[in-house]
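Participant: This one is model-v4.cif, mmCIF, C-alpha atoms.
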data_final
#
loop_
_atom_site.label_atom_id
_atom_site.label_comp_id
_atom_site.auth_asym_id
_atom_site.auth_seq_id
_atom_site.Cartn_x
_atom_site.Cartn_y
_atom_site.Cartn_z
CA MET T 1 22.02 24.62 102.31
CA SER T 2 23.07 25.09 98.69
CA GLU T 3 20.54 25.46 95.93
CA ARG T 4 20.07 22.42 93.64
CA LEU T 5 18.98 22.99 90.06
CA ASP T 6 17.42 19.98 88.39
CA VAL T 7 16.63 21.59 85.05
CA THR T 8 14.77 19.63 82.41
CA GLU T 9 15.73 19.30 78.78
CA GLY T 10 12.48 21.09 77.89
CA GLY T 11 13.35 24.01 80.11
CA LEU T 12 16.84 24.15 78.67
CA LEU T 13 15.51 24.22 75.09
CA ALA T 14 13.82 27.54 75.92
CA CYS T 15 17.31 28.85 76.70
CA CYS T 16 18.99 27.42 73.59
CA ALA T 17 17.24 25.47 70.83
CA SER T 18 20.23 23.26 70.09
CA ARG T 19 19.07 19.76 71.01
CA ARG T 20 22.68 18.65 71.42
CA TRP T 21 23.39 21.48 73.87
CA ALA T 22 20.21 20.81 75.88
CA ALA T 23 20.88 17.07 76.10
CA GLU T 24 24.47 17.61 77.18
CA VAL T 25 23.56 20.16 79.86
CA ALA T 26 20.59 18.08 81.09
CA ALA T 27 22.85 15.02 81.40
CA GLY T 28 24.87 16.78 84.13
CA ARG T 29 21.95 17.60 86.39
CA PRO T 30 21.27 18.34 89.12
CA TYR T 31 23.57 21.34 89.47
CA ALA T 32 24.70 22.78 92.79
CA GLY T 33 23.61 26.24 91.62
CA LEU T 34 23.52 28.69 88.77
CA ALA T 35 27.33 28.91 88.52
CA GLY T 36 27.59 25.17 87.91
CA LEU T 37 24.77 25.27 85.37
CA ARG T 38 26.43 28.15 83.54
CA ALA T 39 29.80 26.36 83.51
CA ALA T 40 28.22 23.23 82.00
CA SER T 41 26.43 25.40 79.46
CA ALA T 42 29.63 27.18 78.43
CA LYS T 43 31.41 23.86 77.97
CA ALA T 44 28.55 22.46 75.89
CA LEU T 45 28.30 25.64 73.78
CA ALA T 46 32.03 25.57 73.07
CA GLY T 47 31.70 22.02 71.76
CA LEU T 48 28.86 22.70 69.33
CA ASP T 49 29.56 22.39 65.65
CA TRP T 50 28.16 25.02 63.31
CA ALA T 51 25.07 22.92 62.43
CA ASP T 52 24.16 22.89 66.14
CA VAL T 53 24.59 26.66 66.32
CA GLU T 54 22.37 27.04 63.24
CA GLU T 55 19.74 24.91 64.94
CA ALA T 56 19.83 27.34 67.88
CA LEU T 57 19.69 30.33 65.52
CA GLY T 58 16.57 28.91 63.90
CA ALA T 59 14.60 29.61 67.08
CA HIS T 60 15.60 33.28 67.27
CA PRO T 61 13.35 35.90 65.69
CA ARG T 62 14.76 38.66 63.55
CA ILE T 63 15.59 41.79 65.49
CA GLY T 64 12.57 44.04 65.14
CA ASP T 65 10.06 41.29 64.36
CA ARG T 66 7.09 41.15 66.67
CA VAL T 67 7.54 37.92 68.57
CA ARG T 68 4.30 35.98 68.82
CA GLY T 69 3.39 32.99 70.92
CA ALA T 70 2.74 32.13 74.51
CA GLY T 71 5.77 29.97 75.27
CA THR T 72 8.61 30.79 77.60
CA GLU T 73 11.08 31.44 74.79
CA ALA T 74 8.66 33.82 73.00
CA ALA T 75 8.07 35.76 76.22
CA TRP T 76 11.80 36.02 76.86
CA SER T 77 12.43 37.20 73.28
CA ARG T 78 9.80 39.93 73.64
CA GLY T 79 11.49 41.16 76.81
CA GLU T 80 14.98 40.95 75.32
CA GLN T 81 13.94 43.03 72.33
CA SER T 82 12.08 45.64 74.36
CA GLY T 83 14.57 48.23 73.08
CA MET T 84 12.61 48.08 69.82
CA ASP T 85 9.34 49.17 71.44
CA ALA T 86 9.85 52.89 70.93
CA ALA T 87 11.76 52.67 67.63
CA ALA T 88 10.68 55.05 64.89
CA ALA T 89 9.32 53.65 61.62
CA GLU T 90 12.51 54.64 59.75
CA LEU T 91 14.65 52.72 62.22
CA ARG T 92 12.41 49.66 61.96
CA THR T 93 12.65 49.83 58.16
CA ALA T 94 16.44 50.11 58.34
CA LEU T 95 16.54 47.03 60.58
CA VAL T 96 14.35 45.04 58.17
CA GLU T 97 16.68 46.00 55.31
CA GLY T 98 19.76 45.29 57.41
CA ASN T 99 18.42 41.89 58.45
CA ARG T 100 17.82 41.03 54.79
CA ALA T 101 21.37 42.06 53.80
CA TYR T 102 22.84 40.16 56.75
CA GLU T 103 20.93 36.98 55.94
CA GLU T 104 21.97 37.19 52.29
CA ARG T 105 25.61 37.61 53.32
CA PHE T 106 25.82 35.04 56.11
CA GLY T 107 22.89 32.66 55.53
CA HIS T 108 21.33 32.98 58.98
CA VAL T 109 19.49 35.40 61.23
CA PHE T 110 21.40 38.32 62.75
CA LEU T 111 21.90 37.39 66.41
CA ILE T 112 22.67 39.93 69.09
CA CYS T 113 22.13 39.91 72.81
CA ALA T 114 19.53 42.67 72.66
CA THR T 115 18.93 42.97 76.39
CA GLY T 116 19.53 46.57 77.41
CA LEU T 117 20.20 47.80 73.87
CA ALA T 118 18.25 50.50 72.09
CA ALA T 119 17.13 49.90 68.52
CA ALA T 120 19.76 52.30 67.18
CA GLU T 121 22.50 50.34 68.97
CA MET T 122 21.27 47.08 67.44
CA LEU T 123 21.21 48.64 63.97
CA ALA T 124 24.74 50.04 64.41
CA ALA T 125 26.01 46.59 65.45
CA LEU T 126 24.26 44.95 62.51
CA ARG T 127 25.81 47.39 60.05
CA GLU T 128 29.26 46.98 61.60
CA ARG T 129 29.05 43.19 61.55
CA LEU T 130 28.11 43.17 57.87
CA GLY T 131 31.80 43.98 57.30
CA ASN T 132 32.96 40.80 59.04
CA ASP T 133 34.24 37.86 57.06
CA PRO T 134 32.18 34.68 57.62
CA ALA T 135 34.67 33.07 60.03
CA ALA T 136 34.87 36.19 62.20
CA GLU T 137 31.10 36.55 62.17
CA ARG T 138 30.63 32.95 63.32
CA GLU T 139 32.78 33.74 66.36
CA VAL T 140 30.71 36.85 67.11
CA VAL T 141 27.51 34.80 66.76
CA ARG T 142 28.83 32.19 69.18
CA ALA T 143 29.68 34.92 71.71
CA GLU T 144 26.25 36.56 71.35
CA LEU T 145 24.52 33.18 71.69
CA ALA T 146 26.50 32.49 74.87
CA LYS T 147 25.39 35.84 76.35
CA ILE T 148 21.73 35.14 75.52
CA VAL T 149 21.90 31.61 76.93
CA ASP T 150 23.54 32.87 80.13
CA LEU T 151 20.76 35.41 80.68
CA ARG T 152 18.09 32.82 79.98
CA LEU T 153 19.65 30.28 82.31
CA ALA T 154 19.37 32.82 85.12
CA LYS T 155 15.69 33.32 84.26
CA LEU T 156 15.15 29.57 84.17
CA ALA T 157 16.82 29.10 87.55
CA ALA T 158 14.79 31.95 89.07
CA ALA T 159 11.42 30.61 87.91
CA PRO T 160 11.11 27.02 89.13
CA GLY T 161 8.11 24.83 88.60
CA THR T 162 7.15 25.13 84.95
CA GLU T 163 9.75 22.71 83.62
CA GLY T 164 10.72 20.80 86.73
CA GLU T 165 13.51 23.11 87.83
CA ARG T 166 15.07 23.21 91.31
#
Mind turning this structure into structure tokens?
Facilitator:
Amino acid sequence: MSERLDVTEGGLLACCASRRWAAEVAAGRPYAGLAGLRAASAKALAGLDWADVEEALGAHPRIGDRVRGAGTEAAWSRGEQSGMDAAAAELRTALVEGNRAYEERFGHVFLICATGLAAAEMLAALRERLGNDPAAEREVVRAELAKIVDLRLAKLAAAPGTEGER
């Protein structure tokens, strides 16, 4: 028997804070499995305008910030940024400065799919992306957001019960 995913809008918002995205994905439920959920997510993400992406970005902490809170999204962010745990003070300072420069240049938080990356890799990506023009950087941000959402959807599907999933 195939797995049915009946994700809730609340559960989806922990994956991506765009209300438009969450409503669109929730409207297609239940899904036959994770592949169907991910396909609906990708379609919804591709249709977001920049204001919707900025809404999603607003829920993401700066790389290197200590994520506080007890919610699902906060717990996932802490895990995703675990590459920062052993970072030296100089590296943390460079990330704070890099985040500031990035936000001044682009007007939003630096977003990167941090899962599996060391702090030095995140800093190198930040510095490289500072050279992007705004249009190119928006495309990179969309791609990074899609990677994060994909990972979180898998976590959501694997942990039924808290938001009415399965």
Participant: If I take CA of Ala51 (chain T) and CA of His108 (chain T), how far is one from the other in Å, to one decimal?
Facilitator: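 Distance between the two atoms: 11.3 Å.
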Participant: What is the CA of Ala32 (chain T) to CA of Leu48 (chain T) distance in Å?
Facilitator: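 Interatomic distance, CA of Ala32 (chain T) to CA of Leu48 (chain T): 23.8 Å.
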Participant: So the first atom is CA of Cys16 (chain T) and the second is CA of Val149 (chain T); what is the distance between them in Å, to one decimal place?
Facilitator: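 Computing it gives 6.1 Å between the two atoms.
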Participant: How would you write, as a count of residues only, the residues chosen by the PyMOL selection byres ((chain T and resi 130) around 10) on this structure?
Facilitator: 18
Participant: Compare T:Leu111, T:Ala22, T:Ala154, T:Leu57 by their minimum atom-to-atom distance to Lys43 (chain T), counting all atoms listed in the file, and give me the closest one.
Facilitator: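 Smallest separation from Lys43 (chain T) among the options: T:Ala22.
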Participant: I need the residue nearest Ala23 (chain T) from this list: T:Arg142, T:Ala44, T:Ala56, T:Ala35. Use all atoms listed in the file for the distance.
Facilitator: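 Counting all atoms listed in the file, the residue closest to Ala23 (chain T) is T:Ala44.
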Participant: For Ala88 (chain T), which residue among T:Gly28, T:Gly58, T:Gly33, T:Gly64 is the nearest when counting only C-alpha atoms?
Facilitator: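 Of T:Gly28, T:Gly58, T:Gly33, T:Gly64, the one nearest Ala88 (chain T) is T:Gly64, counting only C-alpha atoms.
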Participant: Point out the residue among T:Leu123, T:Ala159, T:Ile63, T:Ala135 with the least atom-to-atom distance to Val7 (chain T), counting only C-alpha atoms.
Facilitator: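 Of T:Leu123, T:Ala159, T:Ile63, T:Ala135, the one nearest Val7 (chain T) is T:Ala159, counting only C-alpha atoms.
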Participant: So which residues get picked by the PyMOL selection byres ((chain T and resi 151-153) around 9) here, written as an MDAnalysis selection string?
Facilitator: chainID T and resid 12 14:16 34 37:38 41 73 76 115 146:150 154:158
Participant: Using all atoms listed in the file, which of T:Asp6, T:Ala114, T:Val109, T:Glu144 sits nearest Pro61 (chain T)?
Facilitator: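 Answer, going by the shortest atom-to-atom distance: T:Val109.
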Participant: Find the residue from T:Ala26, T:Arg62, T:Arg138, T:Ala143 that sits nearest to Trp50 (chain T); use all atoms listed in the file when measuring.
Facilitator: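 Of T:Ala26, T:Arg62, T:Arg138, T:Ala143, the one nearest Trp50 (chain T), counting all atoms listed in the file, is T:Arg138.
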